[in-house]
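Trainee: Quick one: this structure, given as structure tokens, is what I'll be asking you about.
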Amino acid sequence: MQVTIARHALDRVPLSLIIDDSTLLVNLNYFFMRDRNRVDGQGRRWEDVPVVHPESFTREFAQFCLDAGVRGKFSVVPCPAAIGRIDHGLPLFDRRQQEGWLAMCRELIVPAFDITPEMITHTKIVDPETCAPVEPEAWEQYEWEALPDDEELVHRYIATACRILDNVGLPPEGVTSPGGFGGKTLEFYARLAGEAVREVTGNPTPYFFKRVSDGAVETPVWYADRDTGTAVGEIIAGTGDWTGSWTGYGEVNPDRYITADLRGGRVPAVIDAGDPAVLCSHWQGFYGMHNHDRRGFRALQTVVRRLRERDPRGEHTRWRKCSEITNYACAREMAQVTVEGGRITLDLPVLAPELTLRIEGAPVTGVSVDGVPLRRAADRAGFEDGTFLADEDGALAAFTPTQRRVEVAVA
């Protein structure tokens with residue numbers, strides 16, 4: 001009998017939606033485009049884009065995701081465009097407006113999405129103590145593509161971003177790179193991001209998002225330590241952004257994700273390869289240029305509907321938060337599996353819900369975990385946590401471990 005841990009929980013390819021550049025009420029890219037034009041001379045249409053993304057739209061978007069089962073990651077930039085810290089209050093809005101948005105975020109967004117900072121400003125580098133722009137002027141996504149060789153400064157910078165979110169009741173599960181931030185010093189970035197998030201939240205397996213792949217999509221695990229049960233996960237997106245992009249007026253094309261016949265587009269190819277299907281998007285594109293635009297939102301609704309049509313019973317895919325994908329990868333990477341006859345012993349430094357074993361080489365009529373029998377699932381649609389699904393030569397078994405050492409018996 002051979003036993004391995006399945007690549008994905010419940011042996012279903014994860015779907016996940018990454019939403020970048022989002023924050024409290026303000027469209028930070030109004031300020032980014034205005035200020036960056038002065039630096040590089042490009043003619044970005046900053047005067048045309050909205051200054052505010054109203055709470056009513058965010059609420060409508062979040063409710064759709066909850067109702068449709070969409071899961072993923074939602075950035076909240078802590079000090080958008082350096083105009084103010086969200087825990088101290090942005091000067092454009094009164095306290096009631098800001099507290100209302102934060103309450104909405106905790107109620108409607110957090111259940112479906114991880115919250116991450118997209119470093120402190122997503123524009124100019126600031127002093128992490130004062131959040132005032134440094135001199136000479138430098139930008140998070142450009143000058144800090146290679147992070148400075150100053151561990152204390154980088155750690156403090158990332159930790160400040162996380163602490164601001166924690167202060168408003170939005171503890172982050174990981175961090176998101178603004179643009180190129182950290183991309184040329186990835187190993188260094190992964191370590192300090194993990195340490196900074198862990199310092200603020202205590203999370204043993206935080207993650208970071210930086211890279212997008214147009215080929216195979218992995219879920220790397222950095223700095224795995226079996227003794228402490230800590231690691232840093234990395235989520236990698238597998239698509240471009242075709243929901244309006246970061247400007248709000250970029251390409252909108254749901255067919256590039258998945259075509260109407262459900263066969264073409266990037267996402268079916270990723271799913272069929274067995275890789276996590278992580279969709280890249282930006283908040284500005286969903287809203288578009290005004291409250292009646294919503295071009296990217298409509299495209300997302302089309303994509304979600306087509307994905308449901310492709311797998312109507314949920315047998316092969318499952319929407320996940322990014323943290324669920326990376327934590328499972330950390331658990332799988334660090335687990336030790338020992339097989340003796342019909343008994344399986346697991347040593348799990350990291351515990352992940354819906355841990356899924358693949359048992360091969362022997363017919364299976366029953367599975368129990370620490371003496372508790374799992375229920376037999378009738379088919380893949382019914383294969384869920386606490387069940388096993390048998391075939392002629394083995395089985396899948398899924399359960400949520402509660403302790404590091406687990407004994408599994410197979411009959």
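The way I read the labels, and the way they are meant: chains A, B, ... in the order of the structure tokens, residue 1 as the first residue of every chain, and ligand 1 as the first ligand shown, with later ones counted on from there.
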Would you pick out the contacts of Gly229 of chain A at 10 Å or less, using only C-alpha atoms, so that residues sharing its chain but fewer than 2 positions from it are not included, and give the list as an mmCIF file with C-alpha atoms, in the first residue's frame?
Mentor:
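out_32.cif, freshly written:
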data_model
loop_
_atom_site.group_PDB
_atom_site.id
_atom_site.type_symbol
_atom_site.label_atom_id
_atom_site.label_comp_id
_atom_site.auth_asym_id
_atom_site.auth_seq_id
_atom_site.Cartn_x
_atom_site.Cartn_y
_atom_site.Cartn_z
ATOM 1 C CA PRO A 204 3.043 30.279 11.758
ATOM 2 C CA THR A 205 2.512 29.986 7.974
ATOM 3 C CA ALA A 224 10.059 25.283 6.311
ATOM 4 C CA ASP A 225 11.050 24.391 9.887
ATOM 5 C CA ARG A 226 9.618 21.114 11.181
ATOM 6 C CA ASP A 227 10.769 21.797 14.747
ATOM 7 C CA ALA A 231 7.078 28.249 7.024
ATOM 8 C CA CYS A 330 3.109 24.078 3.860
ATOM 9 C CA ALA A 331 1.414 21.187 5.653
ATOM 10 C CA MET A 334 6.449 19.295 6.028
ATOM 11 C CA LEU A 348 2.179 16.975 10.941
ATOM 12 C CA PRO A 349 4.150 20.048 12.053
ATOM 13 C CA VAL A 350 1.484 22.168 10.285
ATOM 14 C CA LEU A 351 -2.217 21.335 10.582
ATOM 15 C CA ARG A 404 0.532 16.723 15.253
#
Trainee: Find the nearest atom pair between each residue of segment 175-279 of chain A and segment 10-33 of chain A for residues within 6 Å, count only C-alpha atoms, give distances in Å to one decimal, sort rows by chain and ascending number, and present the table as a tab-separated table.
Mentor:
residue	atom	partner	partner_atom	distance
A:Pro276	CA	A:Pro14	CA	5.0
A:Ala277	CA	A:Leu15	CA	4.8
A:Val278	CA	A:Ser16	CA	4.7
A:Leu279	CA	A:Leu17	CA	4.9
Trainee: Which neighbours of Val406 of chain A fall inside 12 Å, counting only C-alpha atoms, when residues of the same chain fewer than 2 positions from it are skipped, and could you give them as JSON, numbers by chain?
Mentor: {"A": [335, 336, 337, 338, 343, 344, 345, 346, 347, 348, 349, 351, 355, 368, 369, 370, 371, 372, 399, 400, 401, 402, 403, 404, 408, 409]}
Trainee: Write out the residues from the selection above, keeping N, CA and C atoms, as a PDB file, in the first residue's frame.
Mentor:
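Written output follows (selection_6.pdb):
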ATOM      1  N   ALA A 335       4.924  17.392   6.135  1.00  0.00           N
ATOM      2  CA  ALA A 335       4.382  16.169   6.722  1.00  0.00           C
ATOM      3  C   ALA A 335       5.311  14.983   6.493  1.00  0.00           C
ATOM      4  N   GLN A 336       5.304  14.068   7.441  1.00  0.00           N
ATOM      5  CA  GLN A 336       5.969  12.777   7.287  1.00  0.00           C
ATOM      6  C   GLN A 336       4.917  11.678   7.374  1.00  0.00           C
ATOM      7  N   VAL A 337       4.967  10.751   6.419  1.00  0.00           N
ATOM      8  CA  VAL A 337       3.985   9.673   6.334  1.00  0.00           C
ATOM      9  C   VAL A 337       4.707   8.346   6.478  1.00  0.00           C
ATOM     10  N   THR A 338       4.275   7.530   7.440  1.00  0.00           N
ATOM     11  CA  THR A 338       4.859   6.204   7.664  1.00  0.00           C
ATOM     12  C   THR A 338       3.753   5.163   7.514  1.00  0.00           C
ATOM     13  N   ARG A 343      -1.748   0.362   8.692  1.00  0.00           N
ATOM     14  CA  ARG A 343      -1.738   1.519   9.584  1.00  0.00           C
ATOM     15  C   ARG A 343      -0.837   2.612   9.004  1.00  0.00           C
ATOM     16  N   ILE A 344      -1.333   3.822   9.072  1.00  0.00           N
ATOM     17  CA  ILE A 344      -0.606   4.994   8.577  1.00  0.00           C
ATOM     18  C   ILE A 344      -0.387   5.935   9.752  1.00  0.00           C
ATOM     19  N   THR A 345       0.858   6.339   9.936  1.00  0.00           N
ATOM     20  CA  THR A 345       1.176   7.314  10.979  1.00  0.00           C
ATOM     21  C   THR A 345       1.607   8.607  10.316  1.00  0.00           C
ATOM     22  N   LEU A 346       0.970   9.699  10.707  1.00  0.00           N
ATOM     23  CA  LEU A 346       1.293  11.018  10.165  1.00  0.00           C
ATOM     24  C   LEU A 346       1.941  11.872  11.245  1.00  0.00           C
ATOM     25  N   ASP A 347       3.021  12.533  10.890  1.00  0.00           N
ATOM     26  CA  ASP A 347       3.632  13.549  11.744  1.00  0.00           C
ATOM     27  C   ASP A 347       3.441  14.882  11.029  1.00  0.00           C
ATOM     28  N   LEU A 348       2.646  15.766  11.625  1.00  0.00           N
ATOM     29  CA  LEU A 348       2.179  16.975  10.941  1.00  0.00           C
ATOM     30  C   LEU A 348       2.607  18.221  11.717  1.00  0.00           C
ATOM     31  N   PRO A 349       3.750  18.798  11.392  1.00  0.00           N
ATOM     32  CA  PRO A 349       4.150  20.048  12.053  1.00  0.00           C
ATOM     33  C   PRO A 349       3.182  21.192  11.789  1.00  0.00           C
ATOM     34  N   LEU A 351      -0.891  21.940  10.710  1.00  0.00           N
ATOM     35  CA  LEU A 351      -2.217  21.335  10.582  1.00  0.00           C
ATOM     36  C   LEU A 351      -3.010  22.093   9.535  1.00  0.00           C
ATOM     37  N   LEU A 355      -7.217  17.789   5.128  1.00  0.00           N
ATOM     38  CA  LEU A 355      -6.025  17.066   4.682  1.00  0.00           C
ATOM     39  C   LEU A 355      -6.486  15.804   3.948  1.00  0.00           C
ATOM     40  N   SER A 368     -10.380   4.837   9.259  1.00  0.00           N
ATOM     41  CA  SER A 368     -10.646   5.538  10.514  1.00  0.00           C
ATOM     42  C   SER A 368      -9.452   6.402  10.867  1.00  0.00           C
ATOM     43  N   VAL A 369      -9.709   7.501  11.516  1.00  0.00           N
ATOM     44  CA  VAL A 369      -8.673   8.457  11.916  1.00  0.00           C
ATOM     45  C   VAL A 369      -8.716   8.593  13.435  1.00  0.00           C
ATOM     46  N   ASP A 370      -7.620   8.198  14.063  1.00  0.00           N
ATOM     47  CA  ASP A 370      -7.550   8.188  15.529  1.00  0.00           C
ATOM     48  C   ASP A 370      -8.774   7.494  16.126  1.00  0.00           C
ATOM     49  N   GLY A 371      -9.138   6.359  15.517  1.00  0.00           N
ATOM     50  CA  GLY A 371     -10.226   5.532  16.021  1.00  0.00           C
ATOM     51  C   GLY A 371     -11.608   5.948  15.592  1.00  0.00           C
ATOM     52  N   VAL A 372     -11.745   7.050  14.872  1.00  0.00           N
ATOM     53  CA  VAL A 372     -13.063   7.532  14.442  1.00  0.00           C
ATOM     54  C   VAL A 372     -13.256   7.190  12.966  1.00  0.00           C
ATOM     55  N   PHE A 399      -9.818  14.487   6.087  1.00  0.00           N
ATOM     56  CA  PHE A 399     -10.163  14.774   7.479  1.00  0.00           C
ATOM     57  C   PHE A 399      -9.395  16.012   7.917  1.00  0.00           C
ATOM     58  N   THR A 400      -9.811  16.595   9.017  1.00  0.00           N
ATOM     59  CA  THR A 400      -9.126  17.762   9.573  1.00  0.00           C
ATOM     60  C   THR A 400      -8.387  17.348  10.843  1.00  0.00           C
ATOM     61  N   PRO A 401      -7.067  17.275  10.811  1.00  0.00           N
ATOM     62  CA  PRO A 401      -6.313  16.854  11.989  1.00  0.00           C
ATOM     63  C   PRO A 401      -6.367  17.907  13.091  1.00  0.00           C
ATOM     64  N   THR A 402      -6.340  17.441  14.330  1.00  0.00           N
ATOM     65  CA  THR A 402      -6.361  18.359  15.473  1.00  0.00           C
ATOM     66  C   THR A 402      -5.091  18.298  16.297  1.00  0.00           C
ATOM     67  N   GLN A 403      -4.198  17.387  15.937  1.00  0.00           N
ATOM     68  CA  GLN A 403      -2.932  17.267  16.668  1.00  0.00           C
ATOM     69  C   GLN A 403      -1.842  16.818  15.703  1.00  0.00           C
ATOM     70  N   ARG A 404      -0.593  16.965  16.149  1.00  0.00           N
ATOM     71  CA  ARG A 404       0.532  16.723  15.253  1.00  0.00           C
ATOM     72  C   ARG A 404       0.635  15.263  14.837  1.00  0.00           C
ATOM     73  N   VAL A 408      -3.969   6.613  11.278  1.00  0.00           N
ATOM     74  CA  VAL A 408      -5.011   6.275  10.316  1.00  0.00           C
ATOM     75  C   VAL A 408      -4.999   4.781  10.089  1.00  0.00           C
ATOM     76  N   ALA A 409      -6.148   4.126  10.204  1.00  0.00           N
ATOM     77  CA  ALA A 409      -6.269   2.693   9.974  1.00  0.00           C
ATOM     78  C   ALA A 409      -7.083   2.457   8.710  1.00  0.00           C
TER      79      ALA A 409
END
Trainee: Between A:Phe113, A:Phe286, A:Trp222, A:Trp101, single out the one closest to Ile86 of chain A, counting only C-alpha atoms.
Mentor: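 For Ile86 of chain A, the nearest of the given residues is A:Trp101.
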Trainee: Would you mind writing down, as a PyMOL selection string, each residue of segment 273-383 of chain A that DSSP on the backbone assigns to strand (DSSP E)?
Mentor: chain A and resi 277-282+317-319+336-340+343-347+355-360+367-369+372-373+375-376
Trainee: Write to file, as a compact mmCIF listing (two decimals), in the first residue's frame, the residues of the selection just made, with N, CA and C atoms.
Mentor:
# COMPACT_ATOMS: atom_id res chain seq x y z
N ALA A 277 -5.65 27.43 -9.85
CA ALA A 277 -6.11 28.43 -10.83
C ALA A 277 -6.36 29.73 -10.08
N VAL A 278 -5.30 30.53 -9.98
CA VAL A 278 -5.33 31.79 -9.23
C VAL A 278 -5.46 32.93 -10.23
N LEU A 279 -6.60 33.63 -10.18
CA LEU A 279 -6.91 34.67 -11.14
C LEU A 279 -6.41 36.02 -10.63
N CYS A 280 -5.73 36.75 -11.48
CA CYS A 280 -5.20 38.07 -11.11
C CYS A 280 -6.20 39.15 -11.51
N SER A 281 -6.40 40.14 -10.63
CA SER A 281 -7.28 41.28 -10.95
C SER A 281 -6.87 42.47 -10.10
N HIS A 282 -7.44 43.63 -10.44
CA HIS A 282 -7.21 44.86 -9.69
C HIS A 282 -8.56 45.51 -9.40
N THR A 317 -13.16 21.23 -8.83
CA THR A 317 -12.60 22.52 -8.42
C THR A 317 -13.29 23.00 -7.14
N ARG A 318 -12.62 23.90 -6.43
CA ARG A 318 -13.18 24.47 -5.20
C ARG A 318 -12.57 25.86 -4.99
N TRP A 319 -13.42 26.87 -4.79
CA TRP A 319 -12.91 28.21 -4.47
C TRP A 319 -12.25 28.20 -3.10
N GLN A 336 5.30 14.07 7.44
CA GLN A 336 5.97 12.78 7.29
C GLN A 336 4.92 11.68 7.37
N VAL A 337 4.97 10.75 6.42
CA VAL A 337 3.99 9.67 6.33
C VAL A 337 4.71 8.35 6.48
N THR A 338 4.28 7.53 7.44
CA THR A 338 4.86 6.20 7.66
C THR A 338 3.75 5.16 7.51
N VAL A 339 4.03 4.11 6.74
CA VAL A 339 3.03 3.07 6.49
C VAL A 339 3.57 1.73 7.00
N GLU A 340 2.77 1.06 7.83
CA GLU A 340 3.11 -0.28 8.31
C GLU A 340 1.84 -1.13 8.22
N ARG A 343 -1.75 0.36 8.69
CA ARG A 343 -1.74 1.52 9.58
C ARG A 343 -0.84 2.61 9.00
N ILE A 344 -1.33 3.82 9.07
CA ILE A 344 -0.61 4.99 8.58
C ILE A 344 -0.39 5.94 9.75
N THR A 345 0.86 6.34 9.94
CA THR A 345 1.18 7.31 10.98
C THR A 345 1.61 8.61 10.32
N LEU A 346 0.97 9.70 10.71
CA LEU A 346 1.29 11.02 10.17
C LEU A 346 1.94 11.87 11.25
N ASP A 347 3.02 12.53 10.89
CA ASP A 347 3.63 13.55 11.74
C ASP A 347 3.44 14.88 11.03
N LEU A 355 -7.22 17.79 5.13
CA LEU A 355 -6.03 17.07 4.68
C LEU A 355 -6.49 15.80 3.95
N THR A 356 -5.90 15.56 2.79
CA THR A 356 -6.40 14.49 1.92
C THR A 356 -5.29 13.50 1.62
N LEU A 357 -5.55 12.24 1.97
CA LEU A 357 -4.61 11.16 1.69
C LEU A 357 -5.02 10.44 0.42
N ARG A 358 -4.02 10.05 -0.38
CA ARG A 358 -4.24 9.21 -1.54
C ARG A 358 -3.66 7.84 -1.21
N ILE A 359 -4.53 6.84 -1.15
CA ILE A 359 -4.13 5.48 -0.80
C ILE A 359 -4.21 4.63 -2.06
N GLU A 360 -3.10 3.99 -2.42
CA GLU A 360 -3.03 3.23 -3.67
C GLU A 360 -2.45 1.85 -3.42
N VAL A 367 -11.93 3.41 6.47
CA VAL A 367 -10.82 4.24 6.95
C VAL A 367 -11.25 4.88 8.26
N SER A 368 -10.38 4.84 9.26
CA SER A 368 -10.65 5.54 10.51
C SER A 368 -9.45 6.40 10.87
N VAL A 369 -9.71 7.50 11.52
CA VAL A 369 -8.67 8.46 11.92
C VAL A 369 -8.72 8.59 13.44
N VAL A 372 -11.74 7.05 14.87
CA VAL A 372 -13.06 7.53 14.44
C VAL A 372 -13.26 7.19 12.97
N PRO A 373 -14.26 6.38 12.63
CA PRO A 373 -14.45 5.99 11.22
C PRO A 373 -14.85 7.19 10.35
N ARG A 375 -16.87 8.45 6.98
CA ARG A 375 -18.04 8.03 6.23
C ARG A 375 -17.66 7.79 4.77
N ARG A 376 -18.22 6.76 4.16
CA ARG A 376 -17.92 6.46 2.76
C ARG A 376 -18.74 7.37 1.84
Trainee: Between A:Arg36, A:Arg106, A:Lys210, A:Arg156, which one has atoms that come closest to Lys124 of chain A, using only C-alpha atoms?
Mentor: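 Comparing A:Arg36, A:Arg106, A:Lys210, A:Arg156 against Lys124 of chain A, the winner is A:Arg36.
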Trainee: Provide the atom CA of Gly366 of chain A to atom CA of Gly341 of chain A distance in Å, to one decimal place.
Mentor: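 Between these atoms lies a distance of 14.4 Å.
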Trainee: Pick out the residues sitting within 6 Å of segment 246-255 of chain A, and hand them over as an mmCIF file with N, CA and C atoms, in the first residue's frame; count only C-alpha atoms, and ignore anything fewer than 4 positions along from it in its own chain.
Mentor:
data_model
loop_
_atom_site.group_PDB
_atom_site.id
_atom_site.type_symbol
_atom_site.label_atom_id
_atom_site.label_comp_id
_atom_site.auth_asym_id
_atom_site.auth_seq_id
_atom_site.Cartn_x
_atom_site.Cartn_y
_atom_site.Cartn_z
ATOM 1 N N TRP A 242 -7.534 40.678 -16.952
ATOM 2 C CA TRP A 242 -8.381 41.051 -18.087
ATOM 3 C C TRP A 242 -9.739 41.540 -17.596
ATOM 4 N N THR A 259 -13.501 30.732 -22.155
ATOM 5 C CA THR A 259 -14.384 31.056 -23.277
ATOM 6 C C THR A 259 -15.789 30.514 -23.024
ATOM 7 N N GLY A 265 -9.259 29.588 -23.226
ATOM 8 C CA GLY A 265 -8.863 30.525 -22.186
ATOM 9 C C GLY A 265 -7.823 29.924 -21.267
ATOM 10 N N HIS A 282 -7.443 43.626 -10.440
ATOM 11 C CA HIS A 282 -7.214 44.862 -9.689
ATOM 12 C C HIS A 282 -8.556 45.511 -9.395
ATOM 13 N N GLN A 284 -9.533 48.558 -9.255
ATOM 14 C CA GLN A 284 -9.953 49.655 -10.122
ATOM 15 C C GLN A 284 -10.728 49.158 -11.340
ATOM 16 N N GLY A 285 -10.311 48.010 -11.875
ATOM 17 C CA GLY A 285 -10.963 47.486 -13.059
ATOM 18 C C GLY A 285 -12.379 47.036 -12.813
ATOM 19 N N GLY A 288 -14.298 50.348 -12.670
ATOM 20 C CA GLY A 288 -14.210 51.078 -13.926
ATOM 21 C C GLY A 288 -14.112 52.569 -13.705
ATOM 22 N N ALA A 299 -17.423 41.310 -16.114
ATOM 23 C CA ALA A 299 -16.571 40.252 -16.673
ATOM 24 C C ALA A 299 -16.345 39.150 -15.642
ATOM 25 N N VAL A 303 -17.129 35.091 -15.803
ATOM 26 C CA VAL A 303 -16.123 34.059 -15.544
ATOM 27 C C VAL A 303 -16.615 33.093 -14.475
#
Trainee: List the neighbours of Arg263 of chain A out to 12 Å using only C-alpha atoms; skip same-chain residues closer than 6 positions along the sequence, and give me the result as a list in words.
Mentor: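 So, after excluding close chain neighbours, the residues are Asp255, Arg256, Tyr257, Ala269, Val270, Ile271, Asp272, Arg306, Leu307, Glu309, Arg310 and Asp311 of chain A.
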Trainee: Export C-alpha atoms of the chosen residues as a CSV table (one decimal), in the first residue's frame?
Mentor:
chain,number,residue,atom,x,y,z
A,255,ASP,CA,-12.8,35.0,-22.8
A,256,ARG,CA,-9.1,35.3,-21.9
A,257,TYR,CA,-10.0,33.6,-18.6
A,269,ALA,CA,-5.7,25.0,-19.2
A,270,VAL,CA,-4.4,25.6,-15.6
A,271,ILE,CA,-7.2,23.5,-14.1
A,272,ASP,CA,-6.6,20.6,-16.6
A,306,ARG,CA,-18.7,29.8,-16.8
A,307,LEU,CA,-16.6,28.1,-14.2
A,309,GLU,CA,-21.0,25.5,-15.8
A,310,ARG,CA,-17.8,23.7,-16.4
A,311,ASP,CA,-17.9,21.9,-13.0
Trainee: Mind the document's chain letters and residue numbers, and return as a ChimeraX atom specification the residues of segment 278-363 of chain A that DSSP labels helix (DSSP H, G or I).
Mentor: /A:283-287,295-310,322-334
Trainee: Have a look at A:Leu374, A:Ile158, A:Leu108, A:Leu165 and name the one nearest to Val76 of chain A; count only C-alpha atoms.
Mentor: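 Nearest to Val76 of chain A: A:Leu165.
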Trainee: Find the residue from A:Pro111, A:Gly244, A:Gly84, A:Gly394 that sits nearest to Cys131 of chain A; use only C-alpha atoms when measuring.
Mentor: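 Distance minimum relative to Cys131 of chain A lands on A:Gly84.
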Trainee: Please indicate the distance in Å from atom CA of Ala398 of chain A to atom CA of Gly361 of chain A, rounded to one decimal place.
Mentor: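 Pair atom CA of Ala398 of chain A / atom CA of Gly361 of chain A returns 18.0 Å.
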Trainee: Can you pull out every residue within 10 Å of Met104 of chain A, counting only C-alpha atoms, but drop anything in the same chain fewer than 6 positions away, and send it as a PyMOL selection string?
Mentor: chain A and resi 55-56+58-59+62+98+110
Trainee: Which residues of segment 301-353 of chain A have any atom within 10 Å of an atom in segment 70-73 of chain A when counting only C-alpha atoms, and what is the closest pair of atoms for each, with the distance in Å to one decimal? Order the rows by chain and rising number and write it as JSON lines.
Mentor:
{"residue": "A:Val304", "atom": "CA", "partner": "A:Val70", "partner_atom": "CA", "distance": 7.8}
{"residue": "A:Arg318", "atom": "CA", "partner": "A:Val70", "partner_atom": "CA", "distance": 9.1}
{"residue": "A:Trp319", "atom": "CA", "partner": "A:Arg71", "partner_atom": "CA", "distance": 5.4}
{"residue": "A:Arg320", "atom": "CA", "partner": "A:Arg71", "partner_atom": "CA", "distance": 5.0}
{"residue": "A:Lys321", "atom": "CA", "partner": "A:Gly72", "partner_atom": "CA", "distance": 4.0}
{"residue": "A:Cys322", "atom": "CA", "partner": "A:Gly72", "partner_atom": "CA", "distance": 5.3}
{"residue": "A:Ser323", "atom": "CA", "partner": "A:Gly72", "partner_atom": "CA", "distance": 8.2}
{"residue": "A:Glu324", "atom": "CA", "partner": "A:Gly72", "partner_atom": "CA", "distance": 9.1}
{"residue": "A:Ile325", "atom": "CA", "partner": "A:Gly72", "partner_atom": "CA", "distance": 9.6}
